[in-house]
file protein-v3.csv (CSV, C-alpha atoms)
chain,number,residue,atom,x,y,z
A,1,MET,CA,64.6,96.3,56.1
A,2,ASP,CA,65.8,98.5,59.0
A,3,THR,CA,65.4,102.2,58.3
A,4,TYR,CA,65.6,103.5,61.9
A,5,ILE,CA,69.2,104.2,62.6
A,6,GLN,CA,70.3,105.8,65.9
A,7,GLY,CA,67.2,107.8,66.6
A,8,SER,CA,66.5,109.1,63.1
A,9,VAL,CA,64.8,107.8,60.0
A,10,CYS,CA,67.4,107.6,57.2
A,11,ASN,CA,66.8,107.9,53.5
A,12,SER,CA,65.5,104.4,52.5
A,13,THR,CA,67.6,104.4,49.3
A,14,LYS,CA,70.8,105.1,51.1
A,15,VAL,CA,70.0,102.4,53.7
A,16,ARG,CA,69.2,99.9,50.9
A,17,GLU,CA,72.6,100.8,49.3
A,18,ALA,CA,74.3,100.2,52.7
A,19,ILE,CA,72.6,96.9,53.2
A,20,LEU,CA,73.6,95.7,49.7
A,21,TYR,CA,77.2,96.9,50.4
A,22,ASN,CA,77.4,94.9,53.5
A,23,ARG,CA,75.9,91.8,51.8
A,24,SER,CA,78.6,92.1,49.1
A,25,ARG,CA,81.2,92.1,51.8
A,26,THR,CA,79.6,88.9,53.1
A,27,GLN,CA,79.9,87.3,49.7
A,28,ASP,CA,83.5,88.4,49.5
A,29,VAL,CA,84.2,86.7,52.8
A,30,LEU,CA,82.6,83.5,51.6
A,31,LYS,CA,84.7,83.5,48.4
A,32,ASN,CA,87.9,84.1,50.4
A,33,SER,CA,87.5,81.8,53.4
A,34,GLN,CA,91.0,82.4,54.6
A,35,TYR,CA,89.9,85.8,55.8
A,36,TYR,CA,87.1,84.4,58.0
A,37,ARG,CA,88.4,84.2,61.5
A,38,LEU,CA,86.8,82.4,64.4
A,39,ASP,CA,87.9,83.5,67.8
A,40,ARG,CA,87.5,80.5,70.1
A,41,SER,CA,87.0,76.7,70.0
A,42,ARG,CA,85.9,76.6,73.7
A,43,ALA,CA,83.3,78.9,75.2
A,44,SER,CA,85.3,79.1,78.4
A,45,ASP,CA,88.1,80.9,76.4
A,46,TYR,CA,85.8,83.9,76.1
A,47,LEU,CA,85.6,84.2,79.9
A,48,TRP,CA,89.1,84.7,81.0
A,49,CYS,CA,88.6,88.2,82.2
A,50,ASP,CA,87.3,89.3,85.7
A,51,ASP,CA,89.6,86.7,87.4
A,52,GLY,CA,87.2,83.8,86.4
A,53,ALA,CA,84.2,85.3,88.2
A,54,TRP,CA,82.1,85.2,85.0
A,55,LYS,CA,83.0,81.6,84.3
A,56,THR,CA,82.1,80.6,87.8
A,57,ALA,CA,78.7,82.4,87.6
A,58,ILE,CA,77.9,80.6,84.3
A,59,GLN,CA,79.0,77.2,85.6
A,60,THR,CA,76.9,77.7,88.8
A,61,PHE,CA,73.8,78.5,86.6
A,62,PHE,CA,74.5,75.4,84.5
A,63,GLN,CA,74.6,73.2,87.6
A,64,SER,CA,71.4,74.6,88.9
A,65,LEU,CA,69.6,73.8,85.6
A,66,ARG,CA,71.0,70.3,85.6
A,67,GLN,CA,69.9,69.7,89.2
A,68,HIS,CA,66.3,70.4,88.0
A,69,GLY,CA,66.6,68.1,85.0
A,70,GLU,CA,66.8,70.9,82.5
A,71,ARG,CA,68.9,70.6,79.3
A,72,VAL,CA,71.7,73.1,79.2
A,73,VAL,CA,72.1,74.8,75.8
A,74,TYR,CA,74.9,77.0,74.5
A,75,VAL,CA,74.9,79.2,71.4
A,76,ASP,CA,77.9,80.8,69.7
A,77,VAL,CA,76.9,83.6,67.3
A,78,CYS,CA,79.6,84.3,64.7
A,79,GLY,CA,81.8,81.5,65.9
A,80,ARG,CA,82.1,77.7,66.4
A,81,ALA,CA,83.0,77.4,70.1
A,82,ASN,CA,81.3,74.8,72.3
A,83,ALA,CA,80.6,74.8,76.0
A,84,SER,CA,80.7,71.1,76.8
A,85,SER,CA,83.6,71.7,79.2
A,86,LEU,CA,81.4,74.1,81.1
A,87,GLY,CA,78.6,71.5,81.4
A,88,ALA,CA,76.5,72.3,78.3
A,89,ASP,CA,74.4,69.4,76.9
A,90,ARG,CA,73.9,70.9,73.4
A,91,ASN,CA,75.9,73.4,71.4
A,92,TYR,CA,74.7,75.6,68.5
A,93,SER,CA,76.8,77.6,66.1
A,94,PHE,CA,75.6,80.3,63.7
A,95,SER,CA,78.3,81.5,61.3
A,96,LEU,CA,79.0,82.1,57.7
A,97,GLN,CA,81.2,79.0,57.4
A,98,PRO,CA,80.1,76.3,59.9
A,99,THR,CA,82.0,73.3,58.5
A,100,ASP,CA,84.6,72.3,61.1
A,101,TYR,CA,85.7,68.8,62.1
A,102,HIS,CA,86.4,69.7,65.7
A,103,PHE,CA,82.8,71.0,66.1
A,104,LEU,CA,81.0,68.4,64.1
A,105,ARG,CA,82.6,65.4,65.7
A,106,CYS,CA,80.2,65.7,68.7
A,107,LYS,CA,76.6,64.7,68.1
A,108,GLU,CA,75.3,67.3,70.5
A,109,ASN,CA,76.7,70.1,68.3
A,110,LEU,CA,74.5,71.7,65.6
A,111,CYS,CA,76.0,74.1,63.0
A,112,VAL,CA,73.8,76.5,61.1
A,113,GLN,CA,75.2,78.5,58.2
A,114,GLY,CA,73.9,82.0,57.8
A,115,ASP,CA,74.6,85.7,57.3
A,116,ILE,CA,74.2,87.8,60.4
A,117,PHE,CA,73.2,90.7,58.3
A,118,ASN,CA,70.3,88.8,56.7
A,119,ALA,CA,67.4,89.0,59.1
A,120,ARG,CA,65.7,86.0,57.4
A,121,ASP,CA,68.8,83.9,58.2
A,122,PHE,CA,69.2,84.9,61.8
A,123,TYR,CA,65.5,84.9,62.7
A,124,SER,CA,65.2,81.4,61.1
A,125,PHE,CA,68.0,80.3,63.4
A,126,VAL,CA,66.2,81.8,66.5
A,127,ASN,CA,63.0,80.0,65.4
A,128,LEU,CA,65.0,76.7,65.1
A,129,LEU,CA,65.9,77.1,68.8
A,130,ARG,CA,62.2,77.6,69.6
A,131,LYS,CA,61.1,74.7,67.5
A,132,ASN,CA,63.7,72.4,69.3
A,133,LYS,CA,62.7,73.9,72.6
A,134,ASP,CA,66.4,74.7,73.2
A,135,TYR,CA,66.4,77.9,75.2
A,136,PRO,CA,70.0,78.9,75.7
A,137,ALA,CA,71.5,79.3,79.1
A,138,PHE,CA,74.6,81.0,77.7
A,139,VAL,CA,75.2,82.8,74.4
A,140,THR,CA,78.5,84.3,73.1
A,141,PHE,CA,77.9,87.1,70.7
A,142,VAL,CA,81.3,88.2,69.3
A,143,PRO,CA,80.7,89.8,65.9
A,144,VAL,CA,84.4,90.7,65.4
A,145,ALA,CA,84.9,87.0,64.5
A,146,GLY,CA,84.3,87.3,60.8
A,147,LEU,CA,83.6,91.0,60.6
A,148,GLN,CA,87.1,92.3,60.3
A,149,ARG,CA,86.6,93.0,56.6
A,150,TYR,CA,83.5,95.1,57.5
A,151,THR,CA,85.5,97.6,59.7
A,152,PRO,CA,84.5,101.1,58.5
A,153,TRP,CA,87.6,103.1,57.9
A,154,HIS,CA,86.3,106.1,55.9
A,155,LYS,CA,83.6,108.7,56.6
A,156,ALA,CA,81.8,107.5,53.4
A,157,GLU,CA,81.2,104.2,55.2
A,158,CYS,CA,79.6,105.9,58.3
A,159,LEU,CA,76.0,104.9,57.2
A,160,HIS,CA,77.2,101.4,56.5
A,161,ALA,CA,78.5,101.2,60.1
A,162,GLU,CA,75.2,102.5,61.4
A,163,VAL,CA,73.3,99.9,59.5
A,164,ILE,CA,75.6,97.2,60.8
A,165,TYR,CA,75.1,98.3,64.4
A,166,GLN,CA,71.3,98.4,64.0
A,167,ARG,CA,71.3,94.9,62.5
A,168,LEU,CA,73.5,93.6,65.4
A,169,GLU,CA,71.2,95.3,68.0
A,170,ASN,CA,68.1,93.8,66.4
A,171,ASN,CA,69.8,90.3,66.5
A,172,LEU,CA,70.9,90.7,70.1
A,173,ARG,CA,67.4,91.7,71.1
A,174,LYS,CA,65.9,88.7,69.2
A,175,MET,CA,68.3,86.3,70.8
A,176,LEU,CA,67.5,87.7,74.2
A,177,GLU,CA,63.9,86.6,73.7
A,178,VAL,CA,64.8,82.9,73.7
A,179,VAL,CA,67.5,83.0,76.4
A,180,ARG,CA,66.4,81.3,79.6
A,181,PRO,CA,65.4,83.6,82.5
A,182,GLY,CA,68.7,83.9,84.5
A,183,GLY,CA,70.7,83.1,81.4
A,184,PHE,CA,73.8,85.0,80.1
A,185,ILE,CA,74.9,86.6,76.9
A,186,PHE,CA,78.6,87.5,76.5
A,187,VAL,CA,79.0,90.4,74.1
A,188,GLY,CA,82.3,91.4,72.5
A,189,ARG,CA,83.1,94.4,70.4
A,190,ALA,CA,81.8,94.5,66.8
A,191,PHE,CA,85.0,95.7,65.1
A,192,GLN,CA,88.7,95.2,65.6
A,193,PHE,CA,89.7,98.8,66.3
A,194,THR,CA,86.6,100.9,67.0
A,195,GLU,CA,87.4,101.4,70.7
A,196,LEU,CA,90.8,103.0,70.1
A,197,GLY,CA,89.6,106.5,70.2
A,198,ASP,CA,88.1,106.1,73.7
A,199,PHE,CA,91.3,104.2,74.8
A,200,PHE,CA,93.7,106.9,73.7
A,201,ARG,CA,91.6,109.6,75.3
A,202,ARG,CA,91.9,107.6,78.5
A,203,LYS,CA,88.2,107.4,79.1
A,204,PRO,CA,87.0,105.3,82.1
A,205,LEU,CA,85.7,102.0,80.9
A,206,GLU,CA,82.2,102.8,81.9
A,207,LYS,CA,82.3,105.9,79.7
A,208,TYR,CA,83.3,104.1,76.5
A,209,GLU,CA,80.7,104.6,73.8
A,210,SER,CA,79.9,100.9,73.7
A,211,SER,CA,79.6,100.8,77.5
A,212,LEU,CA,77.0,103.6,77.4
A,213,TRP,CA,75.1,101.9,74.6
A,214,ILE,CA,75.0,98.4,76.3
A,215,ARG,CA,73.9,99.9,79.6
A,216,ASP,CA,71.0,101.7,77.8
A,217,PHE,CA,70.1,98.5,75.9
A,218,CYS,CA,70.0,96.5,79.1
A,219,ARG,CA,68.0,99.1,80.9
A,220,LYS,CA,65.4,99.0,78.1
A,221,ASN,CA,65.3,95.2,78.1
A,222,LYS,CA,65.3,94.8,81.9
A,223,CYS,CA,68.6,93.0,82.1
A,224,THR,CA,71.7,93.4,84.2
A,225,VAL,CA,75.2,93.9,82.8
A,226,LYS,CA,78.8,93.6,84.0
A,227,ILE,CA,81.7,95.2,82.1
A,228,CYS,CA,85.2,93.9,81.9
A,229,ASP,CA,88.3,95.3,80.1
A,230,PRO,CA,90.3,92.4,78.5
A,231,MET,CA,93.0,94.9,77.2
A,232,PHE,CA,91.6,95.4,73.7
A,233,GLY,CA,88.3,97.1,74.6
A,234,PRO,CA,85.3,96.3,76.9
A,235,SER,CA,83.4,93.0,77.0
A,236,PHE,CA,80.0,92.7,78.5
A,237,LEU,CA,78.1,89.9,80.3
A,238,ILE,CA,74.4,90.5,80.1
A,239,ARG,CA,72.1,88.5,82.4
A,240,LYS,CA,68.4,88.1,81.8
A,241,ARG,CA,66.3,88.6,84.8
A,242,ILE,CA,64.8,85.6,86.4
A,243,ASN,CA,61.3,87.1,86.4
A,244,ARG,CA,61.3,87.6,82.6
A,245,ILE,CA,59.0,85.2,80.6
A,246,ILE,CA,60.4,83.4,77.6
A,247,SER,CA,58.6,84.7,74.5
A,248,ARG,CA,57.1,81.8,72.6
A,249,PRO,CA,55.4,81.9,69.2
call {"tool": "encode", "arguments": {"input": "protein-v3.csv", "output": "structure tokens"}}
result
Amino acid sequence: MDTYIQGSVCNSTKVREAILYNRSRTQDVLKNSQYYRLDRSRASDYLWCDDGAWKTAIQTFFQSLRQHGERVVYVDVCGRANASSLGADRNYSFSLQPTDYHFLRCKENLCVQGDIFNARDFYSFVNLLRKNKDYPAFVTFVPVAGLQRYTPWHKAECLHAEVIYQRLENNLRKMLEVVRPGGFIFVGRAFQFTELGDFFRRKPLEKYESSLWIRDFCRKNKCTVKICDPMFGPSFLIRKRINRIISRP
């Protein structure tokens, strides 16, 4: 269980209650599948901002791996997109409801069902990548796909939101461990409307709360990051440094 939330140790009972609350929302989503939204069917659709520069950088990296005889792996967290059109050899999906004809019809696609708020589920998924020796060259991490029912609207849900962000941060760090050196992670906003305050205050994009957080995360994890504003809040493209060593069990 995560009890360290934004620099302070929270009451473990309250944290446990928040975790149980979030898991109950997960079960609610599973029972009402019509509320579970997936953002994209193609990975390239995440990369329309920045005049195509991000897409070009990723395709160039894919080509360099293929030239060296390396298998190109793509992972979509909280979605079922695939990156075959970008040049990926294998596509992985981790989401609450992975069954989808368009994804499953290709043998190079592998769907894993799991709850992103369950550390056991997500870490098992990461360990599956290790076991298969499939180190991703590109990951899309867009929690808003499937999390709209988690959006905290009331002050009473503040701790629940903190627990969510801590879990997402832990998962992002865990995924970064298995990304290839030089590989990319596209990160979208966690909730549908959480950037509206910064937007209406006309803050510069680099001063958004999420921008400040992601810069600090990348600094601590020795990555670079580019920020783009696709109209509805910032998106980020993290790149793992070439000189980083893939962590293996």
call {"tool": "closest_residue", "arguments": {"input": "protein-v3.csv", "among": "A:Gln113, A:Arg80, A:Phe184, A:Val72", "to": "Lys133 in chain A", "atoms": "all atoms listed in the file"}}
result
A:Val72
call {"tool": "residues_near_point", "arguments": {"input": "protein-v3.csv", "point": "(61.6, 75.4, 74.3)", "cutoff": "12 Å", "atoms": "only C-alpha atoms", "output": "list in words"}}
result
Glu70, Arg71, Val72, Val73, Val126, Asn127, Leu128, Leu129, Arg130, Lys131, Asn132, Lys133, Asp134, Tyr135, Pro136, Ala137, Glu177, Val178, Val179, Arg180, Ile245, Ile246, Ser247, Arg248 and Pro249 of chain A
call {"tool": "closest_residue", "arguments": {"input": "protein-v3.csv", "among": "A:Ala83, A:Leu212, A:Val75, A:Leu168", "to": "Val112 in chain A", "atoms": "all atoms listed in the file"}}
result
A:Val75
call {"tool": "closest_residue", "arguments": {"input": "protein-v3.csv", "among": "A:Phe122, A:Phe236, A:Phe217, A:Tyr74", "to": "Leu96 in chain A", "atoms": "all atoms listed in the file"}}
result
A:Phe122
call {"tool": "closest_residue", "arguments": {"input": "protein-v3.csv", "among": "A:Cys49, A:Arg173, A:Val139, A:Tyr123", "to": "Pro234 in chain A", "atoms": "only C-alpha atoms"}}
result
A:Cys49
call {"tool": "atom_distance", "arguments": {"input": "protein-v3.csv", "atom1": "CA of Cys218 in chain A", "atom2": "CA of Glu169 in chain A"}}
result
11.2 Å
call {"tool": "atom_distance", "arguments": {"input": "protein-v3.csv", "atom1": "CA of Thr56 in chain A", "atom2": "CA of Arg189 in chain A"}}
result
22.2 Å
call {"tool": "closest_residue", "arguments": {"input": "protein-v3.csv", "among": "A:Ser84, A:Thr13, A:Ser64, A:Thr224", "to": "Arg42 in chain A", "atoms": "all atoms listed in the file"}}
result
A:Ser84
